[in-house]
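The next block is structure-v4.cif, given as mmCIF, C-alpha atoms.
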```
data_my_file
loop_
_atom_site.label_atom_id
_atom_site.label_comp_id
_atom_site.auth_asym_id
_atom_site.auth_seq_id
_atom_site.Cartn_x
_atom_site.Cartn_y
_atom_site.Cartn_z
CA ASP T 2 7.24 -14.83 -1.78
CA GLN T 3 10.23 -12.88 -0.52
CA ILE T 4 11.23 -9.29 0.02
CA LEU T 5 14.93 -9.10 -0.81
CA CYS T 6 17.06 -7.06 1.58
CA TYR T 7 20.31 -5.34 0.66
CA LYS T 8 22.98 -3.25 2.35
CA LEU T 9 24.20 -0.14 0.58
CA ASP T 10 27.90 0.59 0.68
CA ALA T 11 27.69 4.38 0.49
CA ALA T 12 31.39 4.73 -0.32
CA THR T 13 31.17 2.57 -3.45
CA ALA T 14 27.44 2.97 -4.21
CA LYS T 15 27.13 -0.83 -4.40
CA LEU T 16 24.40 -3.08 -3.09
CA MET T 17 25.28 -6.25 -1.21
CA PRO T 18 22.90 -8.92 0.10
CA ASN T 19 21.94 -8.34 3.71
CA ASP T 20 22.10 -10.98 6.43
CA PRO T 21 19.34 -12.13 6.42
CA PRO T 22 19.08 -11.68 2.63
CA TYR T 23 15.27 -11.64 2.55
CA ALA T 24 12.06 -11.54 4.55
CA LYS T 25 9.42 -14.16 3.85
CA SER T 26 5.91 -13.14 2.92
CA PRO T 27 2.91 -15.48 3.31
CA PRO T 28 2.93 -18.40 0.84
CA GLY T 29 1.39 -17.43 -2.50
CA ALA T 30 1.25 -13.73 -1.55
CA GLY T 31 3.16 -12.26 -4.49
CA PRO T 32 4.55 -9.12 -2.80
CA ARG T 33 4.28 -6.24 -5.26
CA HIS T 34 4.99 -2.84 -3.66
CA LEU T 35 6.09 -1.65 -0.25
CA THR T 36 6.08 1.56 1.70
CA PHE T 37 7.78 2.70 4.89
CA HIS T 38 5.86 4.20 7.77
CA PRO T 39 7.02 7.80 8.41
CA ASN T 40 8.50 6.73 11.76
CA GLY T 41 10.93 4.43 9.90
CA LYS T 42 10.09 1.48 12.18
CA ARG T 43 7.54 -0.28 10.01
CA VAL T 44 7.19 -1.47 6.43
CA TYR T 45 3.92 -2.37 4.69
CA VAL T 46 3.86 -4.69 1.66
CA ILE T 47 0.87 -5.11 -0.63
CA ASN T 48 0.48 -8.68 -1.87
CA GLU T 49 -0.75 -8.79 -5.46
CA LEU T 50 -1.86 -12.43 -5.52
CA LEU T 51 -3.14 -12.90 -1.96
CA ASN T 52 -5.10 -9.60 -1.99
CA SER T 53 -3.64 -8.56 1.34
CA VAL T 54 -1.27 -6.20 3.13
CA THR T 55 1.54 -7.52 5.33
CA ALA T 56 2.91 -5.35 8.14
CA PHE T 57 6.54 -5.76 9.18
CA ASP T 58 8.57 -4.30 12.01
CA TYR T 59 11.78 -2.88 10.56
CA ASP T 60 15.16 -2.96 12.29
CA ALA T 61 17.19 -0.39 10.36
CA ASN T 62 20.49 -1.34 12.00
CA ALA T 63 20.17 -5.00 11.02
CA GLY T 64 18.18 -4.39 7.83
CA LYS T 65 15.70 -6.98 9.08
CA LEU T 66 11.94 -7.23 8.52
CA THR T 67 9.79 -9.16 11.01
CA GLU T 68 6.20 -9.93 9.97
CA THR T 69 3.57 -8.83 12.48
CA GLN T 70 0.30 -9.08 10.53
CA THR T 71 -1.30 -9.95 7.22
CA ILE T 72 -4.77 -8.51 6.58
CA PRO T 73 -7.08 -8.87 3.54
CA THR T 74 -7.85 -5.99 1.18
CA LEU T 75 -11.15 -7.43 -0.09
CA PRO T 76 -14.53 -8.02 1.52
CA ALA T 77 -14.89 -11.59 2.86
CA ASP T 78 -17.83 -12.28 0.54
CA PHE T 79 -16.05 -11.20 -2.69
CA LYS T 80 -15.81 -14.16 -5.10
CA GLY T 81 -14.39 -12.58 -8.26
CA THR T 82 -10.82 -12.14 -9.49
CA SER T 83 -8.80 -9.25 -8.15
CA TYR T 84 -5.12 -8.32 -7.78
CA CYS T 85 -3.57 -5.67 -5.53
CA ALA T 86 -1.30 -3.05 -7.03
CA ASP T 87 -0.22 -0.18 -4.78
CA VAL T 88 0.05 0.83 -1.13
CA LYS T 89 0.51 4.26 0.49
CA VAL T 90 0.67 5.67 4.04
CA THR T 91 -0.44 9.19 4.96
CA PRO T 92 2.36 11.60 5.93
CA ASP T 93 1.15 11.62 9.58
CA GLY T 94 1.36 7.79 9.67
CA LYS T 95 -2.26 7.34 10.78
CA TYR T 96 -3.75 5.68 7.68
CA LEU T 97 -2.82 3.21 4.94
CA TYR T 98 -4.52 2.68 1.55
CA GLY T 99 -4.19 -0.18 -0.95
CA THR T 100 -5.65 -0.79 -4.41
CA ASN T 101 -7.70 -3.77 -5.62
CA ARG T 102 -7.71 -4.25 -9.41
CA GLY T 103 -10.75 -6.36 -10.32
CA HIS T 104 -12.79 -5.37 -7.28
CA ASP T 105 -11.94 -1.80 -8.42
CA SER T 106 -11.59 -0.42 -4.93
CA VAL T 107 -9.28 1.15 -2.37
CA ALA T 108 -8.96 -0.61 0.99
CA CYS T 109 -8.62 1.88 3.87
CA TYR T 110 -6.94 1.09 7.21
CA SER T 111 -6.06 2.86 10.41
CA ILE T 112 -2.56 2.21 11.75
CA GLY T 113 -2.34 1.47 15.47
CA PRO T 114 0.50 2.51 17.80
CA ASP T 115 1.91 -1.03 17.40
CA GLY T 116 1.86 -0.65 13.59
CA LYS T 117 -1.01 -3.10 13.12
CA LEU T 118 -3.78 -2.32 10.67
CA THR T 119 -7.53 -2.13 11.28
CA LEU T 120 -9.86 -2.03 8.27
CA ILE T 121 -11.83 1.22 8.12
CA GLY T 122 -13.67 0.42 4.90
CA ILE T 123 -13.37 -0.34 1.21
CA GLU T 124 -14.15 2.53 -1.15
CA GLN T 125 -14.92 2.06 -4.86
CA SER T 126 -12.09 3.55 -6.95
CA ARG T 127 -14.58 5.20 -9.32
CA GLY T 128 -12.77 3.67 -12.29
CA LYS T 129 -11.59 0.35 -13.67
CA GLY T 130 -8.30 -1.15 -12.50
CA PRO T 131 -6.87 1.13 -9.80
CA GLN T 132 -3.15 0.91 -10.51
CA ASN T 133 -1.46 3.61 -8.44
CA LEU T 134 -2.16 5.93 -5.53
CA ALA T 135 -0.69 9.26 -4.48
CA ILE T 136 -1.31 11.18 -1.28
CA THR T 137 -0.69 14.91 -1.26
CA PRO T 138 2.13 16.09 1.03
CA ASP T 139 -0.40 17.71 3.39
CA GLY T 140 -2.20 14.34 3.72
CA GLN T 141 -5.58 15.80 2.76
CA TRP T 142 -6.11 14.23 -0.67
CA LEU T 143 -5.70 10.81 -2.27
CA LEU T 144 -5.47 10.43 -6.04
CA CYS T 145 -6.14 7.09 -7.70
CA ALA T 146 -4.91 6.24 -11.22
CA ASN T 147 -7.41 3.85 -12.82
CA MET T 148 -5.18 2.65 -15.66
CA PRO T 149 -7.50 0.50 -17.83
CA GLY T 150 -10.38 2.84 -16.96
CA SER T 151 -8.38 5.83 -18.29
CA SER T 152 -9.21 8.10 -15.37
CA VAL T 153 -7.86 9.63 -12.18
CA SER T 154 -10.19 9.79 -9.17
CA VAL T 155 -9.73 12.32 -6.38
CA PHE T 156 -10.74 11.66 -2.77
CA LYS T 157 -10.73 13.87 0.32
CA ILE T 158 -9.16 12.04 3.28
CA ASP T 159 -11.12 12.56 6.51
CA ALA T 160 -8.32 13.39 8.98
CA ALA T 161 -10.36 12.12 11.95
CA THR T 162 -11.48 8.77 10.49
CA GLY T 163 -9.30 8.02 7.44
CA ARG T 164 -12.38 7.47 5.31
CA LEU T 165 -12.32 8.59 1.70
CA LYS T 166 -14.91 10.95 0.23
CA PRO T 167 -15.06 11.26 -3.58
CA SER T 168 -14.40 14.79 -4.82
CA GLY T 169 -15.93 15.69 -8.17
CA GLU T 170 -16.03 13.40 -11.16
CA PRO T 171 -13.02 11.27 -12.18
CA VAL T 172 -10.73 13.09 -14.62
CA ALA T 173 -10.29 11.41 -18.00
CA HIS T 174 -6.65 10.55 -18.76
CA SER T 175 -5.33 7.94 -21.16
CA SER T 176 -4.10 4.86 -19.20
CA PRO T 177 -2.58 6.58 -16.12
CA SER T 178 -0.18 4.20 -14.42
CA CYS T 179 1.75 6.37 -11.94
CA ILE T 180 1.10 9.62 -10.11
CA MET T 181 4.11 11.45 -8.73
CA MET T 182 3.92 14.18 -6.08
#
```
Can the structure from this file be put into structure tokens for me?
Amino acid sequence: DQILCYKLDAATAKLMPNDPPYAKSPPGAGPRHLTFHPNGKRVYVINELLNSVTAFDYDANAGKLTETQTIPTLPADFKGTSYCADVKVTPDGKYLYGTNRGHDSVACYSIGPDGKLTLIGIEQSRGKGPQNLAITPDGQWLLCANMPGSSVSVFKIDAATGRLKPSGEPVAHSSPSCIMM
């Protein structure tokens, strides 16, 4: 339940532990992936085991992460088994999306001026086991790789609300695990 922090010595291309050497995540969270906000002042970590996203303020000079919020990715009434996998922020920094494998959904959040998240909604991924997300550089489209479901779903991102609207039928693809833009 840590995010390890390192300093890069650009002259030697070597990593050295930072001081502090890690940021704590909530107990039992199982941090899996992280993404930086486009402003460079915030980091968002998706927690595989806790089914949540943790927001951190980021001090680039000190290499320090300070937790500001942890918010669930699942509906409060969900009782099944699910694990988070991926997290992405839109290029304009207004919205964040995270995957739920088991619930087979994408949690959608707005990002406030203080970096805190507000749940917009939870959209079905239109396939089994959403593994990875990609947002197009123009911020208009979100693609979701449903690895065990062997499909890629495409969603239009509503620029005003951050909500996702399915676009067409999912595209069949054998076990997609990563989408690169």
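Here the PyMOL selection byres ((chain T and resi 59) around 12) matches the residues Cys6, Ala24, Thr36, Phe37, His38, Pro39, Asn40, Gly41, Lys42, Arg43, Val44, Tyr45, Ala56, Phe57, Asp58, Asp60, Ala61, Asn62, Ala63, Gly64, Lys65, Leu66, Thr67, Glu68, Thr69 and Gly116 of chain T.
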If the box runs along x, y and z of the file and leaves 6 Å on each side of segment 61-72 of chain T, what are its centre and edge lengths in Å, one decimal, as AutoDock Vina command-line options?
```
--center_x 7.9 --center_y -5.2 --center_z 9.5 --size_x 37.3 --size_y 21.6 --size_z 17.9
```
For Leu97 of chain T: contacts at 10 Å, all atoms listed in the file, fewer than 5 positions along chain excluded, given as a PDB file with C-alpha atoms, in the frame of the given file:
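The resulting file, around-v8.pdb, is reproduced below:
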```
ATOM      1  CA  THR T  36       6.080   1.560   1.700  1.00  0.00           C
ATOM      2  CA  HIS T  38       5.860   4.200   7.770  1.00  0.00           C
ATOM      3  CA  TYR T  45       3.920  -2.370   4.690  1.00  0.00           C
ATOM      4  CA  VAL T  54      -1.270  -6.200   3.130  1.00  0.00           C
ATOM      5  CA  VAL T  88       0.050   0.830  -1.130  1.00  0.00           C
ATOM      6  CA  LYS T  89       0.510   4.260   0.490  1.00  0.00           C
ATOM      7  CA  VAL T  90       0.670   5.670   4.040  1.00  0.00           C
ATOM      8  CA  THR T  91      -0.440   9.190   4.960  1.00  0.00           C
ATOM      9  CA  PRO T  92       2.360  11.600   5.930  1.00  0.00           C
ATOM     10  CA  VAL T 107      -9.280   1.150  -2.370  1.00  0.00           C
ATOM     11  CA  ALA T 108      -8.960  -0.610   0.990  1.00  0.00           C
ATOM     12  CA  CYS T 109      -8.620   1.880   3.870  1.00  0.00           C
ATOM     13  CA  TYR T 110      -6.940   1.090   7.210  1.00  0.00           C
ATOM     14  CA  SER T 111      -6.060   2.860  10.410  1.00  0.00           C
ATOM     15  CA  ILE T 112      -2.560   2.210  11.750  1.00  0.00           C
ATOM     16  CA  LEU T 118      -3.780  -2.320  10.670  1.00  0.00           C
ATOM     17  CA  THR T 119      -7.530  -2.130  11.280  1.00  0.00           C
ATOM     18  CA  LEU T 120      -9.860  -2.030   8.270  1.00  0.00           C
ATOM     19  CA  ILE T 121     -11.830   1.220   8.120  1.00  0.00           C
ATOM     20  CA  GLY T 163      -9.300   8.020   7.440  1.00  0.00           C
TER      21      GLY T 163
END
```
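Each of T:Gly122, T:Ser26, T:Ser151, T:Asp20 was compared to Ile4 of chain T using all atoms listed in the file, and T:Ser26 turns out to be the nearest.
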Distance query Ile123 of chain T at most 10 Å, only C-alpha atoms, self and fewer than 4 positions along chain excluded, as a compact mmCIF listing (two decimals) with C-alpha atoms, in the coordinates of the input:
```txt
# COMPACT_ATOMS: atom_id res chain seq x y z
CA THR T 74 -7.85 -5.99 1.18
CA LEU T 75 -11.15 -7.43 -0.09
CA PRO T 76 -14.53 -8.02 1.52
CA TYR T 98 -4.52 2.68 1.55
CA GLY T 99 -4.19 -0.18 -0.95
CA THR T 100 -5.65 -0.79 -4.41
CA ASN T 101 -7.70 -3.77 -5.62
CA HIS T 104 -12.79 -5.37 -7.28
CA ASP T 105 -11.94 -1.80 -8.42
CA SER T 106 -11.59 -0.42 -4.93
CA VAL T 107 -9.28 1.15 -2.37
CA ALA T 108 -8.96 -0.61 0.99
CA CYS T 109 -8.62 1.88 3.87
CA TYR T 110 -6.94 1.09 7.21
CA ARG T 164 -12.38 7.47 5.31
CA LEU T 165 -12.32 8.59 1.70
```
Care to translate the PyMOL selection byres ((chain T and resi 141) around 7) into actual residues of this file, as an MDAnalysis selection string? chainID T and resid 137 139:140 142 157:158
Using all atoms listed in the file, the best pick from T:Asp2, T:Glu49, T:Asp78, T:Asp87 as closest to Cys179 of chain T would be T:Asp87
Given the PyMOL selection byres ((chain T and resi 7-10) around 9) and the file above, list the residues it selects as an MDAnalysis selection string. chainID T and resid 5:6 11:23 64
Given the selection you just returned, output its residues as a file containing C-alpha atoms, formatted as a PDB file, in the coordinates of the input.
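Final output, saved to again_36.pdb:
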```pdb
ATOM      1  CA  LEU T   5      14.930  -9.100  -0.810  1.00  0.00           C
ATOM      2  CA  CYS T   6      17.060  -7.060   1.580  1.00  0.00           C
ATOM      3  CA  ALA T  11      27.690   4.380   0.490  1.00  0.00           C
ATOM      4  CA  ALA T  12      31.390   4.730  -0.320  1.00  0.00           C
ATOM      5  CA  THR T  13      31.170   2.570  -3.450  1.00  0.00           C
ATOM      6  CA  ALA T  14      27.440   2.970  -4.210  1.00  0.00           C
ATOM      7  CA  LYS T  15      27.130  -0.830  -4.400  1.00  0.00           C
ATOM      8  CA  LEU T  16      24.400  -3.080  -3.090  1.00  0.00           C
ATOM      9  CA  MET T  17      25.280  -6.250  -1.210  1.00  0.00           C
ATOM     10  CA  PRO T  18      22.900  -8.920   0.100  1.00  0.00           C
ATOM     11  CA  ASN T  19      21.940  -8.340   3.710  1.00  0.00           C
ATOM     12  CA  ASP T  20      22.100 -10.980   6.430  1.00  0.00           C
ATOM     13  CA  PRO T  21      19.340 -12.130   6.420  1.00  0.00           C
ATOM     14  CA  PRO T  22      19.080 -11.680   2.630  1.00  0.00           C
ATOM     15  CA  TYR T  23      15.270 -11.640   2.550  1.00  0.00           C
ATOM     16  CA  GLY T  64      18.180  -4.390   7.830  1.00  0.00           C
TER      17      GLY T  64
END
```
Can you patch up segment 95-106 of chain T, filling it in to all heavy atoms, and show the result as a PDB file, in the coordinates of the input?
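Result file out.pdb:
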```pdb
ATOM      1  N   LYS T  95      -1.028   7.840  10.141  1.00  0.00           N
ATOM      2  CA  LYS T  95      -2.260   7.340  10.780  1.00  0.00           C
ATOM      3  C   LYS T  95      -3.046   6.361   9.914  1.00  0.00           C
ATOM      4  O   LYS T  95      -3.774   5.526  10.439  1.00  0.00           O
ATOM      5  CB  LYS T  95      -3.156   8.514  11.162  1.00  0.00           C
ATOM      6  CG  LYS T  95      -2.593   9.353  12.307  1.00  0.00           C
ATOM      7  CD  LYS T  95      -3.398  10.615  12.556  1.00  0.00           C
ATOM      8  CE  LYS T  95      -4.833  10.328  12.926  1.00  0.00           C
ATOM      9  NZ  LYS T  95      -5.574  11.558  13.300  1.00  0.00           N
ATOM     10  N   TYR T  96      -2.899   6.472   8.576  1.00  0.00           N
ATOM     11  CA  TYR T  96      -3.750   5.680   7.680  1.00  0.00           C
ATOM     12  C   TYR T  96      -2.937   5.063   6.541  1.00  0.00           C
ATOM     13  O   TYR T  96      -1.926   5.624   6.110  1.00  0.00           O
ATOM     14  CB  TYR T  96      -4.867   6.549   7.095  1.00  0.00           C
ATOM     15  CG  TYR T  96      -5.688   7.218   8.170  1.00  0.00           C
ATOM     16  CD1 TYR T  96      -5.613   8.589   8.373  1.00  0.00           C
ATOM     17  CD2 TYR T  96      -6.512   6.479   9.003  1.00  0.00           C
ATOM     18  CE1 TYR T  96      -6.337   9.209   9.376  1.00  0.00           C
ATOM     19  CE2 TYR T  96      -7.246   7.089  10.012  1.00  0.00           C
ATOM     20  CZ  TYR T  96      -7.156   8.452  10.192  1.00  0.00           C
ATOM     21  OH  TYR T  96      -7.864   9.056  11.187  1.00  0.00           O
ATOM     22  N   LEU T  97      -3.433   3.923   6.063  1.00  0.00           N
ATOM     23  CA  LEU T  97      -2.820   3.210   4.940  1.00  0.00           C
ATOM     24  C   LEU T  97      -3.924   2.887   3.935  1.00  0.00           C
ATOM     25  O   LEU T  97      -5.056   2.563   4.332  1.00  0.00           O
ATOM     26  CB  LEU T  97      -2.157   1.928   5.431  1.00  0.00           C
ATOM     27  CG  LEU T  97      -1.504   1.059   4.354  1.00  0.00           C
ATOM     28  CD1 LEU T  97      -0.199   0.485   4.882  1.00  0.00           C
ATOM     29  CD2 LEU T  97      -2.418  -0.078   3.907  1.00  0.00           C
ATOM     30  N   TYR T  98      -3.575   2.951   2.634  1.00  0.00           N
ATOM     31  CA  TYR T  98      -4.520   2.680   1.550  1.00  0.00           C
ATOM     32  C   TYR T  98      -3.883   1.722   0.559  1.00  0.00           C
ATOM     33  O   TYR T  98      -2.691   1.832   0.266  1.00  0.00           O
ATOM     34  CB  TYR T  98      -4.917   3.985   0.846  1.00  0.00           C
ATOM     35  CG  TYR T  98      -5.519   4.979   1.808  1.00  0.00           C
ATOM     36  CD1 TYR T  98      -4.737   5.936   2.430  1.00  0.00           C
ATOM     37  CD2 TYR T  98      -6.868   4.916   2.131  1.00  0.00           C
ATOM     38  CE1 TYR T  98      -5.268   6.818   3.352  1.00  0.00           C
ATOM     39  CE2 TYR T  98      -7.420   5.796   3.047  1.00  0.00           C
ATOM     40  CZ  TYR T  98      -6.622   6.746   3.653  1.00  0.00           C
ATOM     41  OH  TYR T  98      -7.154   7.608   4.579  1.00  0.00           O
ATOM     42  N   GLY T  99      -4.679   0.774   0.041  1.00  0.00           N
ATOM     43  CA  GLY T  99      -4.190  -0.180  -0.950  1.00  0.00           C
ATOM     44  C   GLY T  99      -5.223  -0.405  -2.038  1.00  0.00           C
ATOM     45  O   GLY T  99      -6.432  -0.383  -1.783  1.00  0.00           O
ATOM     46  N   THR T 100      -4.748  -0.631  -3.266  1.00  0.00           N
ATOM     47  CA  THR T 100      -5.650  -0.790  -4.410  1.00  0.00           C
ATOM     48  C   THR T 100      -5.976  -2.251  -4.689  1.00  0.00           C
ATOM     49  O   THR T 100      -5.153  -3.142  -4.499  1.00  0.00           O
ATOM     50  CB  THR T 100      -5.051  -0.172  -5.681  1.00  0.00           C
ATOM     51  OG1 THR T 100      -3.812  -0.814  -5.966  1.00  0.00           O
ATOM     52  CG2 THR T 100      -4.855   1.322  -5.542  1.00  0.00           C
ATOM     53  N   ASN T 101      -7.198  -2.460  -5.180  1.00  0.00           N
ATOM     54  CA  ASN T 101      -7.700  -3.770  -5.620  1.00  0.00           C
ATOM     55  C   ASN T 101      -8.133  -3.653  -7.076  1.00  0.00           C
ATOM     56  O   ASN T 101      -9.154  -3.024  -7.371  1.00  0.00           O
ATOM     57  CB  ASN T 101      -8.907  -4.200  -4.779  1.00  0.00           C
ATOM     58  CG  ASN T 101      -8.557  -4.468  -3.343  1.00  0.00           C
ATOM     59  OD1 ASN T 101      -7.664  -5.250  -3.059  1.00  0.00           O
ATOM     60  ND2 ASN T 101      -9.263  -3.816  -2.432  1.00  0.00           N
ATOM     61  N   ARG T 102      -7.350  -4.252  -7.991  1.00  0.00           N
ATOM     62  CA  ARG T 102      -7.710  -4.250  -9.410  1.00  0.00           C
ATOM     63  C   ARG T 102      -8.562  -5.479  -9.669  1.00  0.00           C
ATOM     64  O   ARG T 102      -8.114  -6.603  -9.487  1.00  0.00           O
ATOM     65  CB  ARG T 102      -6.463  -4.287 -10.290  1.00  0.00           C
ATOM     66  CG  ARG T 102      -5.565  -3.080 -10.133  1.00  0.00           C
ATOM     67  CD  ARG T 102      -4.244  -3.252 -10.828  1.00  0.00           C
ATOM     68  NE  ARG T 102      -3.534  -4.378 -10.205  1.00  0.00           N
ATOM     69  CZ  ARG T 102      -2.558  -5.056 -10.781  1.00  0.00           C
ATOM     70  NH1 ARG T 102      -2.173  -4.767 -11.996  1.00  0.00           N
ATOM     71  NH2 ARG T 102      -1.962  -6.033 -10.146  1.00  0.00           N
ATOM     72  N   GLY T 103      -9.775  -5.280 -10.119  1.00  0.00           N
ATOM     73  CA  GLY T 103     -10.750  -6.360 -10.320  1.00  0.00           C
ATOM     74  C   GLY T 103     -11.963  -6.057  -9.462  1.00  0.00           C
ATOM     75  O   GLY T 103     -13.077  -5.980  -9.950  1.00  0.00           O
ATOM     76  N   HIS T 104     -11.736  -5.856  -8.175  1.00  0.00           N
ATOM     77  CA  HIS T 104     -12.790  -5.370  -7.280  1.00  0.00           C
ATOM     78  C   HIS T 104     -12.974  -3.874  -7.500  1.00  0.00           C
ATOM     79  O   HIS T 104     -14.010  -3.309  -7.155  1.00  0.00           O
ATOM     80  CB  HIS T 104     -12.436  -5.675  -5.823  1.00  0.00           C
ATOM     81  CG  HIS T 104     -13.545  -5.373  -4.871  1.00  0.00           C
ATOM     82  ND1 HIS T 104     -13.555  -4.243  -4.084  1.00  0.00           N
ATOM     83  CD2 HIS T 104     -14.671  -6.051  -4.563  1.00  0.00           C
ATOM     84  CE1 HIS T 104     -14.648  -4.241  -3.336  1.00  0.00           C
ATOM     85  NE2 HIS T 104     -15.340  -5.325  -3.605  1.00  0.00           N
ATOM     86  N   ASP T 105     -11.942  -3.231  -8.097  1.00  0.00           N
ATOM     87  CA  ASP T 105     -11.940  -1.800  -8.420  1.00  0.00           C
ATOM     88  C   ASP T 105     -12.256  -0.954  -7.185  1.00  0.00           C
ATOM     89  O   ASP T 105     -13.239  -0.207  -7.141  1.00  0.00           O
ATOM     90  CB  ASP T 105     -12.891  -1.490  -9.576  1.00  0.00           C
ATOM     91  CG  ASP T 105     -12.463  -2.185 -10.855  1.00  0.00           C
ATOM     92  OD1 ASP T 105     -11.252  -2.480 -10.994  1.00  0.00           O
ATOM     93  OD2 ASP T 105     -13.313  -2.433 -11.725  1.00  0.00           O
ATOM     94  N   SER T 106     -11.366  -1.096  -6.198  1.00  0.00           N
ATOM     95  CA  SER T 106     -11.590  -0.420  -4.930  1.00  0.00           C
ATOM     96  C   SER T 106     -10.267  -0.041  -4.266  1.00  0.00           C
ATOM     97  O   SER T 106      -9.194  -0.471  -4.692  1.00  0.00           O
ATOM     98  CB  SER T 106     -12.391  -1.325  -3.991  1.00  0.00           C
ATOM     99  OG  SER T 106     -11.677  -2.515  -3.710  1.00  0.00           O
TER     100      SER T 106
END
```
